[in-house]
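Structure file model.pdb (PDB, C-alpha atoms) follows.
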ATOM      1  CA  MET A 119     -52.016  47.927 120.608
ATOM      2  CA  HIS A 120     -53.297  44.381 120.303
ATOM      3  CA  ILE A 121     -56.051  43.490 117.927
ATOM      4  CA  PRO A 122     -58.864  41.887 119.967
ATOM      5  CA  ILE A 123     -59.230  38.148 119.481
ATOM      6  CA  GLU A 124     -62.956  38.588 118.802
ATOM      7  CA  TRP A 125     -62.143  40.333 115.540
ATOM      8  CA  TYR A 126     -60.218  37.319 114.319
ATOM      9  CA  LEU A 127     -63.049  35.034 115.356
ATOM     10  CA  VAL A 128     -65.734  37.105 113.619
ATOM     11  CA  LEU A 129     -63.699  37.402 110.407
ATOM     12  CA  SER A 130     -62.991  33.684 110.529
ATOM     13  CA  ALA A 131     -66.693  32.920 111.040
ATOM     14  CA  LEU A 132     -67.567  35.131 108.060
ATOM     15  CA  LEU A 133     -65.052  33.433 105.763
ATOM     16  CA  PHE A 134     -66.085  29.994 106.979
ATOM     17  CA  ILE A 135     -69.788  30.629 106.372
ATOM     18  CA  ILE A 136     -69.058  32.028 102.914
ATOM     19  CA  GLY A 137     -67.041  28.899 102.152
ATOM     20  CA  ALA A 138     -69.760  26.615 103.469
ATOM     21  CA  THR A 139     -72.344  28.465 101.397
ATOM     22  CA  GLY A 140     -70.184  27.984  98.325
ATOM     23  CA  VAL A 141     -69.876  24.251  98.963
ATOM     24  CA  LEU A 142     -73.620  23.834  99.421
ATOM     25  CA  VAL A 143     -74.933  26.122  96.698
ATOM     26  CA  ARG A 144     -72.612  25.995  93.708
ATOM     27  CA  ARG A 145     -72.844  23.225  91.118
ATOM     28  CA  ASN A 146     -69.392  23.681  89.583
ATOM     29  CA  LEU A 147     -66.889  21.287  91.169
ATOM     30  CA  PHE A 148     -64.063  23.823  90.840
ATOM     31  CA  ILE A 149     -65.909  26.422  92.906
ATOM     32  CA  VAL A 150     -66.696  23.759  95.500
ATOM     33  CA  LEU A 151     -62.956  23.035  95.846
ATOM     34  CA  PHE A 152     -62.198  26.782  96.079
ATOM     35  CA  SER A 153     -64.764  27.070  98.865
ATOM     36  CA  VAL A 154     -63.083  24.246 100.783
ATOM     37  CA  GLU A 155     -59.814  26.187 100.566
ATOM     38  CA  LEU A 156     -61.619  29.264 101.882
ATOM     39  CA  MET A 157     -62.881  27.325 104.889
ATOM     40  CA  MET A 158     -59.364  26.040 105.608
ATOM     41  CA  ASN A 159     -58.086  29.602 105.543
ATOM     42  CA  ALA A 160     -60.749  30.651 108.032
ATOM     43  CA  VAL A 161     -59.497  27.977 110.410
ATOM     44  CA  ASN A 162     -55.904  29.127 109.873
ATOM     45  CA  LEU A 163     -56.910  32.645 110.900
ATOM     46  CA  ASN A 164     -58.382  31.291 114.123
ATOM     47  CA  LEU A 165     -55.227  29.333 114.908
ATOM     48  CA  VAL A 166     -52.976  32.323 114.318
ATOM     49  CA  GLY A 167     -55.172  34.631 116.380
ATOM     50  CA  PHE A 168     -55.208  32.290 119.355
ATOM     51  CA  SER A 169     -51.487  31.650 118.946
ATOM     52  CA  ARG A 170     -50.949  35.393 119.387
ATOM     53  CA  LEU A 171     -53.373  35.600 122.324
ATOM     54  CA  HIS A 172     -51.806  32.770 124.284
ATOM     55  CA  GLU A 173     -48.247  33.721 123.265
ATOM     56  CA  ASN A 174     -47.574  30.195 122.110
ATOM     57  CA  LEU A 175     -46.184  29.171 118.724
ATOM     58  CA  ILE A 176     -47.826  25.752 118.495
ATOM     59  CA  GLY A 177     -50.868  27.352 116.855
ATOM     60  CA  GLN A 178     -48.671  28.747 114.102
ATOM     61  CA  ASN A 179     -47.064  25.348 113.615
ATOM     62  CA  PHE A 180     -50.492  23.828 113.191
ATOM     63  CA  VAL A 181     -51.181  26.259 110.353
ATOM     64  CA  LEU A 182     -48.195  24.744 108.546
ATOM     65  CA  PHE A 183     -49.760  21.295 108.908
ATOM     66  CA  THR A 184     -53.117  22.624 107.697
ATOM     67  CA  MET A 185     -51.357  23.914 104.596
ATOM     68  CA  THR A 186     -49.747  20.500 104.078
ATOM     69  CA  VAL A 187     -53.140  18.828 104.234
ATOM     70  CA  ALA A 188     -54.562  21.500 101.918
ATOM     71  CA  ALA A 189     -51.832  20.790  99.370
ATOM     72  CA  ALA A 190     -52.451  17.045  99.478
ATOM     73  CA  GLU A 191     -56.202  17.627  99.298
ATOM     74  CA  ALA A 192     -55.825  19.922  96.285
ATOM     75  CA  ALA A 193     -53.656  17.385  94.462
ATOM     76  CA  VAL A 194     -55.991  14.439  95.097
ATOM     77  CA  GLY A 195     -59.128  16.543  94.519
ATOM     78  CA  LEU A 196     -57.870  17.804  91.177
ATOM     79  CA  ALA A 197     -56.878  14.279  90.136
ATOM     80  CA  ILE A 198     -60.410  13.067  90.936
ATOM     81  CA  LEU A 199     -61.785  16.069  89.058
ATOM     82  CA  THR A 200     -59.813  15.336  85.889
ATOM     83  CA  ALA A 201     -60.778  11.653  86.048
ATOM     84  CA  LEU A 202     -64.444  12.607  86.460
ATOM     85  CA  PHE A 203     -64.291  15.099  83.616
ATOM     86  CA  ARG A 204     -62.659  12.559  81.317
ATOM     87  CA  ASN A 205     -65.389  10.010  81.976
ATOM     88  CA  ARG A 206     -68.516  12.127  82.260
ATOM     89  CA  LYS A 207     -67.689  15.304  80.262
ATOM     90  CA  THR A 208     -69.260  17.473  82.924
ATOM     91  CA  LEU A 209     -68.292  19.065  86.226
ATOM     92  CA  MET A 210     -71.709  19.820  87.689
ATOM     93  CA  VAL A 211     -71.782  17.992  90.994
ATOM     94  CA  ASP A 212     -75.502  17.161  91.000
ATOM     95  CA  THR A 213     -75.073  15.075  87.840
ATOM     96  CA  PHE A 214     -72.871  12.613  89.738
ATOM     97  CA  ASP A 215     -75.733  10.662  91.296
ATOM     98  CA  LEU A 216     -74.719   7.060  90.625
ATOM     99  CA  MET A 217     -75.014   6.205  94.319
ATOM    100  CA  LYS A 218     -78.418   7.931  94.657
ATOM    101  CA  GLY A 219     -77.104  10.181  97.418
TER
ATOM    102  CA  MET B 167     -54.605  52.172 116.173
ATOM    103  CA  ALA B 168     -53.030  51.854 112.745
ATOM    104  CA  GLU B 169     -52.996  48.085 113.217
ATOM    105  CA  LYS B 170     -56.734  48.010 113.821
ATOM    106  CA  ILE B 171     -57.483  50.121 110.762
ATOM    107  CA  LEU B 172     -55.266  47.860 108.628
ATOM    108  CA  PHE B 173     -56.971  44.788 110.055
ATOM    109  CA  ILE B 174     -60.403  46.137 109.119
ATOM    110  CA  VAL B 175     -59.204  46.986 105.601
ATOM    111  CA  PHE B 176     -57.659  43.553 105.062
ATOM    112  CA  ALA B 177     -60.689  41.828 106.566
ATOM    113  CA  ALA B 178     -63.151  43.751 104.404
ATOM    114  CA  LEU B 179     -61.144  43.033 101.249
ATOM    115  CA  ALA B 180     -60.859  39.345 102.166
ATOM    116  CA  VAL B 181     -64.611  39.036 102.693
ATOM    117  CA  ILE B 182     -65.347  40.857  99.430
ATOM    118  CA  GLY B 183     -62.966  38.528  97.604
ATOM    119  CA  ALA B 184     -64.532  35.479  99.210
ATOM    120  CA  LEU B 185     -68.020  36.627  98.226
ATOM    121  CA  GLY B 186     -66.705  37.095  94.700
ATOM    122  CA  VAL B 187     -65.375  33.531  94.629
ATOM    123  CA  ILE B 188     -68.778  32.004  95.267
ATOM    124  CA  THR B 189     -70.743  34.348  92.985
ATOM    125  CA  ARG B 190     -68.687  34.454  89.776
ATOM    126  CA  SER B 191     -69.719  32.029  87.035
ATOM    127  CA  ASN B 192     -66.299  32.226  85.357
ATOM    128  CA  VAL B 193     -63.937  29.821  87.135
ATOM    129  CA  VAL B 194     -60.817  31.839  86.255
ATOM    130  CA  HIS B 195     -62.307  34.969  87.844
ATOM    131  CA  GLY B 196     -63.155  32.928  90.929
ATOM    132  CA  LEU B 197     -59.591  31.618  91.104
ATOM    133  CA  LEU B 198     -58.072  35.110  90.861
ATOM    134  CA  LEU B 199     -60.434  36.402  93.547
ATOM    135  CA  LEU B 200     -59.392  33.460  95.739
ATOM    136  CA  VAL B 201     -55.740  34.498  95.306
ATOM    137  CA  PHE B 202     -56.759  38.044  96.272
ATOM    138  CA  THR B 203     -58.468  36.740  99.413
ATOM    139  CA  PHE B 204     -55.418  34.700 100.373
ATOM    140  CA  LEU B 205     -53.118  37.697  99.927
ATOM    141  CA  ASN B 206     -55.323  39.684 102.304
ATOM    142  CA  VAL B 207     -55.230  36.836 104.823
ATOM    143  CA  ALA B 208     -51.431  36.939 104.493
ATOM    144  CA  GLY B 209     -51.627  40.628 105.379
ATOM    145  CA  ILE B 210     -53.559  39.754 108.515
ATOM    146  CA  PHE B 211     -50.901  37.160 109.392
ATOM    147  CA  LEU B 212     -48.309  39.945 109.085
ATOM    148  CA  LEU B 213     -50.310  42.148 111.457
ATOM    149  CA  THR B 214     -50.370  39.248 113.930
ATOM    150  CA  GLN B 215     -46.558  39.005 113.812
ATOM    151  CA  ALA B 216     -46.738  35.577 112.164
ATOM    152  CA  TYR B 217     -44.153  36.614 109.583
ATOM    153  CA  PHE B 218     -43.097  33.158 108.440
ATOM    154  CA  LEU B 219     -46.707  32.095 107.893
ATOM    155  CA  ALA B 220     -47.419  35.251 105.909
ATOM    156  CA  VAL B 221     -44.558  34.414 103.532
ATOM    157  CA  ILE B 222     -45.616  30.766 103.324
ATOM    158  CA  GLN B 223     -49.198  31.822 102.657
ATOM    159  CA  VAL B 224     -48.078  33.842  99.648
ATOM    160  CA  LEU B 225     -45.445  31.396  98.380
ATOM    161  CA  VAL B 226     -47.089  28.033  98.978
ATOM    162  CA  TYR B 227     -50.811  28.740  99.140
ATOM    163  CA  ALA B 228     -51.295  31.531  96.626
ATOM    164  CA  GLY B 229     -48.181  30.648  94.663
ATOM    165  CA  ALA B 230     -48.225  26.866  94.443
ATOM    166  CA  ILE B 231     -51.571  25.346  95.400
ATOM    167  CA  LEU B 232     -53.645  27.866  93.479
ATOM    168  CA  VAL B 233     -51.302  27.667  90.478
ATOM    169  CA  LEU B 234     -52.003  23.932  90.498
ATOM    170  CA  PHE B 235     -55.698  24.797  90.318
ATOM    171  CA  ALA B 236     -54.962  27.259  87.522
ATOM    172  CA  PHE B 237     -53.156  24.575  85.521
ATOM    173  CA  VAL B 238     -56.112  22.212  85.740
ATOM    174  CA  VAL B 239     -58.524  25.024  84.833
ATOM    175  CA  MET B 240     -56.431  25.649  81.725
ATOM    176  CA  PHE B 241     -56.312  21.941  80.824
ATOM    177  CA  LEU B 242     -60.070  21.557  80.828
ATOM    178  CA  ASN B 243     -62.404  23.371  78.504
ATOM    179  CA  LEU B 244     -64.788  25.014  80.941
ATOM    180  CA  ARG B 245     -66.369  27.659  78.757
ATOM    181  CA  GLU B 246     -69.504  25.636  78.046
ATOM    182  CA  PHE B 247     -70.348  25.373  81.741
ATOM    183  CA  GLN B 248     -70.775  29.107  82.139
ATOM    184  CA  GLN B 249     -74.079  29.055  80.328
ATOM    185  CA  LEU B 250     -75.490  26.346  82.573
ATOM    186  CA  GLU B 251     -77.386  26.924  85.786
ATOM    187  CA  GLN B 252     -74.760  27.588  88.474
ATOM    188  CA  LEU B 253     -76.808  27.006  91.627
ATOM    189  CA  HIS B 254     -78.640  24.044  93.041
ATOM    190  CA  PRO B 255     -82.333  24.785  92.404
ATOM    191  CA  LYS B 256     -83.674  23.835  95.839
ATOM    192  CA  GLN B 257     -80.619  23.950  98.080
ATOM    193  CA  LYS B 258     -80.015  27.647  97.455
ATOM    194  CA  TRP B 259     -83.183  28.668  99.298
ATOM    195  CA  ALA B 260     -82.338  26.501 102.293
ATOM    196  CA  VAL B 261     -78.809  27.928 102.407
ATOM    197  CA  LEU B 262     -80.126  31.481 102.077
ATOM    198  CA  VAL B 263     -81.947  30.951 105.386
ATOM    199  CA  LEU B 264     -79.471  28.695 107.152
ATOM    200  CA  ALA B 265     -76.203  30.519 106.392
ATOM    201  CA  PRO B 266     -77.166  33.851 108.060
ATOM    202  CA  LEU B 267     -78.646  31.870 110.941
ATOM    203  CA  MET B 268     -75.414  29.955 111.449
ATOM    204  CA  LEU B 269     -73.377  33.152 111.121
ATOM    205  CA  ALA B 270     -75.531  34.843 113.783
ATOM    206  CA  GLU B 271     -75.037  31.836 116.008
ATOM    207  CA  PHE B 272     -71.255  31.909 115.512
ATOM    208  CA  ILE B 273     -71.041  35.619 116.268
ATOM    209  CA  PHE B 274     -73.335  35.269 119.294
ATOM    210  CA  VAL B 275     -71.152  32.522 120.752
ATOM    211  CA  VAL B 276     -67.849  34.168 119.827
ATOM    212  CA  THR B 277     -68.675  37.555 121.338
ATOM    213  CA  GLY B 278     -70.361  36.071 124.391
ATOM    214  CA  VAL B 279     -67.225  34.421 125.743
ATOM    215  CA  THR B 280     -64.384  36.244 127.463
ATOM    216  CA  TYR B 281     -60.972  35.021 126.396
ATOM    217  CA  ALA B 282     -58.297  35.064 129.079
ATOM    218  CA  SER B 283     -54.733  34.977 127.844
ATOM    219  CA  VAL B 284     -52.393  32.497 129.437
ATOM    220  CA  GLY B 285     -49.655  35.106 129.077
ATOM    221  CA  GLY B 286     -46.052  34.941 130.094
ATOM    222  CA  GLY B 287     -45.217  32.827 127.051
ATOM    223  CA  LEU B 288     -43.560  33.779 123.808
ATOM    224  CA  SER B 289     -44.642  37.393 123.517
ATOM    225  CA  PRO B 290     -43.244  39.368 120.542
ATOM    226  CA  GLU B 291     -40.526  40.833 122.782
ATOM    227  CA  VAL B 292     -39.377  37.387 123.922
ATOM    228  CA  ILE B 293     -39.463  36.107 120.331
ATOM    229  CA  ALA B 294     -37.348  39.062 119.176
ATOM    230  CA  GLU B 295     -34.853  38.355 121.958
ATOM    231  CA  ARG B 296     -34.557  34.694 121.020
ATOM    232  CA  GLY B 297     -33.805  35.331 117.375
ATOM    233  CA  GLY B 298     -37.057  36.130 115.614
ATOM    234  CA  ASN B 299     -40.227  34.415 114.487
ATOM    235  CA  VAL B 300     -38.618  31.920 112.104
ATOM    236  CA  GLN B 301     -35.995  30.820 114.642
ATOM    237  CA  VAL B 302     -38.458  30.223 117.474
ATOM    238  CA  MET B 303     -41.005  28.591 115.205
ATOM    239  CA  GLY B 304     -38.370  26.253 113.800
ATOM    240  CA  GLU B 305     -37.312  25.273 117.309
ATOM    241  CA  THR B 306     -40.926  24.384 118.138
ATOM    242  CA  LEU B 307     -41.447  22.595 114.837
ATOM    243  CA  PHE B 308     -38.383  20.375 115.166
ATOM    244  CA  GLY B 309     -38.797  20.007 118.921
ATOM    245  CA  GLU B 310     -42.169  19.123 120.308
ATOM    246  CA  MET B 311     -43.896  18.995 116.895
ATOM    247  CA  LEU B 312     -41.396  16.597 115.316
ATOM    248  CA  LEU B 313     -43.756  13.612 115.094
ATOM    249  CA  PRO B 314     -46.590  15.595 113.417
ATOM    250  CA  PHE B 315     -43.951  17.016 111.060
ATOM    251  CA  GLU B 316     -42.918  13.529 109.958
ATOM    252  CA  ILE B 317     -46.559  12.467 109.592
ATOM    253  CA  ALA B 318     -47.140  15.536 107.402
ATOM    254  CA  SER B 319     -44.410  14.328 105.056
ATOM    255  CA  LEU B 320     -46.195  10.976 104.882
ATOM    256  CA  ILE B 321     -49.486  12.738 104.019
ATOM    257  CA  LEU B 322     -47.742  14.541 101.162
ATOM    258  CA  LEU B 323     -46.318  11.241  99.894
ATOM    259  CA  VAL B 324     -49.743   9.587  99.993
ATOM    260  CA  GLY B 325     -51.270  12.610  98.278
ATOM    261  CA  MET B 326     -48.668  12.453  95.529
ATOM    262  CA  VAL B 327     -49.131   8.721  94.920
ATOM    263  CA  GLY B 328     -52.908   9.091  95.030
ATOM    264  CA  ALA B 329     -52.905  11.958  92.548
ATOM    265  CA  ILE B 330     -50.732  10.056  90.077
ATOM    266  CA  LEU B 331     -52.845   6.935  90.440
ATOM    267  CA  LEU B 332     -56.162   8.761  90.007
ATOM    268  CA  ALA B 333     -55.150  10.989  87.110
ATOM    269  CA  HIS B 334     -53.429   8.178  85.223
ATOM    270  CA  LYS B 335     -55.384   7.074  82.210
ATOM    271  CA  GLU B 336     -56.187   3.390  82.149
ATOM    272  CA  GLY B 337     -56.285   1.301  79.006
ATOM    273  CA  GLY B 338     -52.975   2.390  77.471
ATOM    274  CA  THR B 339     -53.190   4.575  74.363
ATOM    275  CA  GLU B 340     -49.456   5.108  74.287
ATOM    276  CA  ASN B 341     -48.815   7.047  71.105
ATOM    277  CA  GLN B 342     -51.948   9.157  71.295
ATOM    278  CA  LEU B 343     -52.175  12.548  72.922
ATOM    279  CA  ARG B 344     -54.721  12.860  75.663
ATOM    280  CA  ALA B 345     -57.944  14.553  74.620
ATOM    281  CA  TRP B 346     -58.698  16.959  77.439
ATOM    282  CA  GLY B 347     -62.326  17.918  77.310
ATOM    283  CA  THR B 348     -62.658  18.422  73.579
ATOM    284  CA  GLY B 349     -65.252  15.706  73.545
ATOM    285  CA  ASP B 350     -63.558  13.488  70.971
ATOM    286  CA  GLY B 351     -61.681  11.277  73.412
ATOM    287  CA  GLN B 352     -63.270   7.932  74.056
ATOM    288  CA  PRO B 353     -63.938   7.376  77.764
ATOM    289  CA  THR B 354     -61.969   4.309  78.682
ATOM    290  CA  SER B 355     -62.589   3.656  82.346
ATOM    291  CA  ALA B 356     -64.359   0.743  83.942
ATOM    292  CA  PHE B 357     -67.030   3.148  85.103
ATOM    293  CA  VAL B 358     -68.437   3.733  81.636
ATOM    294  CA  GLU B 359     -68.169   0.088  80.730
ATOM    295  CA  GLN B 360     -70.439  -0.750  83.613
ATOM    296  CA  GLU B 361     -73.167   1.454  82.237
ATOM    297  CA  VAL B 362     -73.159  -0.170  78.827
TER
END
Once you've parsed the file, please lay out its structure as structure tokens.
Amino acid sequence: MHIPIEWYLVLSALLFIIGATGVLVRRNLFIVLFSVELMMNAVNLNLVGFSRLHENLIGQNFVLFTMTVAAAEAAVGLAILTALFRNRKTLMVDTFDLMKG
Amino acid sequence: MAEKILFIVFAALAVIGALGVITRSNVVHGLLLLVFTFLNVAGIFLLTQAYFLAVIQVLVYAGAILVLFAFVVMFLNLREFQQLEQLHPKQKWAVLVLAPLMLAEFIFVVTGVTYASVGGGLSPEVIAERGGNVQVMGETLFGEMLLPFEIASLILLVGMVGAILLAHKEGGTENQLRAWGTGDGQPTSAFVEQEV
């Protein structure tokens, strides 16, 4: 029996919204980065589900590239985080308001 | 039938883990719950017959990327942040309204569309005939996806150089150990000098 594609999409939407909520609500920069990873995983689920539906492996290959980008993003994000922490001694994102954003 | 039950179990556990990630105030707990979520997503990949991706999800995502996070969490002294306010004071009310609204919109759109399969492609039977998931995926990856594959290696190179450049401490204190978050290290970047 095949799992319906809608299930993948609903689960992916749930994970994505949870990740987006984390990015918008939490003040700790670490949790914000975790939430970004969650959102990437939601997208991966979508790609794999559609890859199975259309019987085409390009979707699964794209997940590999998403993981590559996630690895690079984690490395650069953590480097920025350590540099920020060294200079400001805090990780709460709303304290970084030098550009009045 | 068993597949569907397993999917629901994995999905429920993944959502519970994800909710835990954004509600815990302890970063280490959040990180472990994130690993838990990713393992459940790997289980869903297995159910979808994406075997290679399930292994990569465990090895690379949960095993390497999140361990990198864990290392940085251990380097920094984060205990003092747990007592602080964890949520944005105003934004949380807006998100409380907007997030369920957006979720309802997603689910409305997603369930309102009928998805027709192209079919006739690489079904699990065809993949098994041609040598398995890894074999067929490798043929696609080094065939029509060769250019994106090479660009991905470039992204990793740029990420590596960028990480080294950003995390490198300017101002050369060669014989001194780095003071990670104990508060006694003098900030040495141009950023602080601007403020003075």
Fill in: Distance filter 6 Å, only C-alpha atoms, chain B against chain A, as JSON, numbers by chain
{"B": [188, 252, 253, 254, 258, 283, 284, 285, 287, 288, 289, 322, 325, 329, 332, 333, 353]}
Item to complete: Apply the PyMOL selection byres ((chain B and resi 173) around 9) to the file shown and report the selected residues as a ChimeraX atom specification.
Response: /A:121,125 /B:168-172,174-178,209-210,213
Starting from the shown file, work through the PyMOL selection byres ((chain B and resi 206) around 10) and note down what comes out as an mmCIF file with C-alpha atoms, keeping the file's coordinate frame.
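Once everything was written out, this is part-v2.cif:
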data_model
loop_
_atom_site.group_PDB
_atom_site.id
_atom_site.type_symbol
_atom_site.label_atom_id
_atom_site.label_comp_id
_atom_site.auth_asym_id
_atom_site.auth_seq_id
_atom_site.Cartn_x
_atom_site.Cartn_y
_atom_site.Cartn_z
ATOM 1 C CA PHE B 173 -56.971 44.788 110.055
ATOM 2 C CA VAL B 175 -59.204 46.986 105.601
ATOM 3 C CA PHE B 176 -57.659 43.553 105.062
ATOM 4 C CA ALA B 177 -60.689 41.828 106.566
ATOM 5 C CA ALA B 178 -63.151 43.751 104.404
ATOM 6 C CA LEU B 179 -61.144 43.033 101.249
ATOM 7 C CA ALA B 180 -60.859 39.345 102.166
ATOM 8 C CA VAL B 181 -64.611 39.036 102.693
ATOM 9 C CA GLY B 183 -62.966 38.528 97.604
ATOM 10 C CA LEU B 200 -59.392 33.460 95.739
ATOM 11 C CA VAL B 201 -55.740 34.498 95.306
ATOM 12 C CA PHE B 202 -56.759 38.044 96.272
ATOM 13 C CA THR B 203 -58.468 36.740 99.413
ATOM 14 C CA PHE B 204 -55.418 34.700 100.373
ATOM 15 C CA LEU B 205 -53.118 37.697 99.927
ATOM 16 C CA VAL B 207 -55.230 36.836 104.823
ATOM 17 C CA ALA B 208 -51.431 36.939 104.493
ATOM 18 C CA GLY B 209 -51.627 40.628 105.379
ATOM 19 C CA ILE B 210 -53.559 39.754 108.515
ATOM 20 C CA PHE B 211 -50.901 37.160 109.392
ATOM 21 C CA LEU B 212 -48.309 39.945 109.085
ATOM 22 C CA ALA B 220 -47.419 35.251 105.909
ATOM 23 C CA GLN B 223 -49.198 31.822 102.657
ATOM 24 C CA VAL B 224 -48.078 33.842 99.648
#
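Taking atom CA of B:Val193 and atom CA of B:Tyr227 as the two end points, the separation is 17.8 Å.
Separating atom CA of B:Leu313 from atom CA of B:Ile222 is a distance of 20.9 Å.
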Return as AutoDock Vina command-line options the centre and edge lengths, in Å with one decimal, of the box along x, y and z that encloses every atom of stretch 206-211 of chain A in the file, padded by 8 Å per side.
--center_x -69.7 --center_y 16.0 --center_z 85.6 --size_x 20.1 --size_y 23.7 --size_z 26.7
Discussion item. Using Å and a single decimal, report how far atom CA of B:Ala236 sits from atom CA of B:Ser191.
Written reply: 15.5 Å
Please, could N, CA and C atoms be added to stretch 181-201 of chain A and the result written as an mmCIF file, keeping the file's coordinate frame?
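That gives us out.cif:
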data_model
loop_
_atom_site.group_PDB
_atom_site.id
_atom_site.type_symbol
_atom_site.label_atom_id
_atom_site.label_comp_id
_atom_site.auth_asym_id
_atom_site.auth_seq_id
_atom_site.Cartn_x
_atom_site.Cartn_y
_atom_site.Cartn_z
ATOM 1 N N VAL A 181 -50.809 25.687 111.654
ATOM 2 C CA VAL A 181 -51.181 26.259 110.353
ATOM 3 C C VAL A 181 -50.341 25.639 109.250
ATOM 4 N N LEU A 182 -49.051 25.404 109.544
ATOM 5 C CA LEU A 182 -48.195 24.744 108.546
ATOM 6 C C LEU A 182 -48.767 23.381 108.173
ATOM 7 N N PHE A 183 -49.219 22.628 109.196
ATOM 8 C CA PHE A 183 -49.760 21.295 108.908
ATOM 9 C C PHE A 183 -51.075 21.389 108.137
ATOM 10 N N THR A 184 -51.888 22.419 108.478
ATOM 11 C CA THR A 184 -53.117 22.624 107.697
ATOM 12 C C THR A 184 -52.789 22.853 106.228
ATOM 13 N N MET A 185 -51.735 23.648 105.983
ATOM 14 C CA MET A 185 -51.357 23.914 104.596
ATOM 15 C C MET A 185 -50.883 22.639 103.907
ATOM 16 N N THR A 186 -50.172 21.782 104.659
ATOM 17 C CA THR A 186 -49.747 20.500 104.078
ATOM 18 C C THR A 186 -50.958 19.686 103.650
ATOM 19 N N VAL A 187 -51.942 19.599 104.560
ATOM 20 C CA VAL A 187 -53.140 18.828 104.234
ATOM 21 C C VAL A 187 -53.879 19.466 103.070
ATOM 22 N N ALA A 188 -53.890 20.814 103.025
ATOM 23 C CA ALA A 188 -54.562 21.500 101.918
ATOM 24 C C ALA A 188 -53.882 21.177 100.597
ATOM 25 N N ALA A 189 -52.549 21.109 100.609
ATOM 26 C CA ALA A 189 -51.832 20.790 99.370
ATOM 27 C C ALA A 189 -52.160 19.374 98.911
ATOM 28 N N ALA A 190 -52.131 18.429 99.845
ATOM 29 C CA ALA A 190 -52.451 17.045 99.478
ATOM 30 C C ALA A 190 -53.887 16.946 98.994
ATOM 31 N N GLU A 191 -54.796 17.661 99.687
ATOM 32 C CA GLU A 191 -56.202 17.627 99.298
ATOM 33 C C GLU A 191 -56.400 18.217 97.905
ATOM 34 N N ALA A 192 -55.699 19.314 97.609
ATOM 35 C CA ALA A 192 -55.825 19.922 96.285
ATOM 36 C C ALA A 192 -55.339 18.963 95.214
ATOM 37 N N ALA A 193 -54.207 18.295 95.467
ATOM 38 C CA ALA A 193 -53.656 17.385 94.462
ATOM 39 C C ALA A 193 -54.619 16.232 94.198
ATOM 40 N N VAL A 194 -55.098 15.588 95.286
ATOM 41 C CA VAL A 194 -55.991 14.439 95.097
ATOM 42 C C VAL A 194 -57.330 14.893 94.516
ATOM 43 N N GLY A 195 -57.844 16.049 95.025
ATOM 44 C CA GLY A 195 -59.128 16.543 94.519
ATOM 45 C C GLY A 195 -59.069 16.846 93.042
ATOM 46 N N LEU A 196 -57.972 17.473 92.593
ATOM 47 C CA LEU A 196 -57.870 17.804 91.177
ATOM 48 C C LEU A 196 -57.693 16.550 90.335
ATOM 49 N N ALA A 197 -57.009 15.535 90.885
ATOM 50 C CA ALA A 197 -56.878 14.279 90.136
ATOM 51 C C ALA A 197 -58.250 13.627 89.962
ATOM 52 N N ILE A 198 -59.059 13.625 91.047
ATOM 53 C CA ILE A 198 -60.410 13.067 90.936
ATOM 54 C C ILE A 198 -61.221 13.863 89.927
ATOM 55 N N LEU A 199 -61.032 15.196 89.961
ATOM 56 C CA LEU A 199 -61.785 16.069 89.058
ATOM 57 C C LEU A 199 -61.457 15.768 87.597
ATOM 58 N N THR A 200 -60.159 15.618 87.290
ATOM 59 C CA THR A 200 -59.813 15.336 85.889
ATOM 60 C C THR A 200 -60.334 13.968 85.472
ATOM 61 N N ALA A 201 -60.262 12.980 86.394
ATOM 62 C CA ALA A 201 -60.778 11.653 86.048
ATOM 63 C C ALA A 201 -62.273 11.704 85.795
#
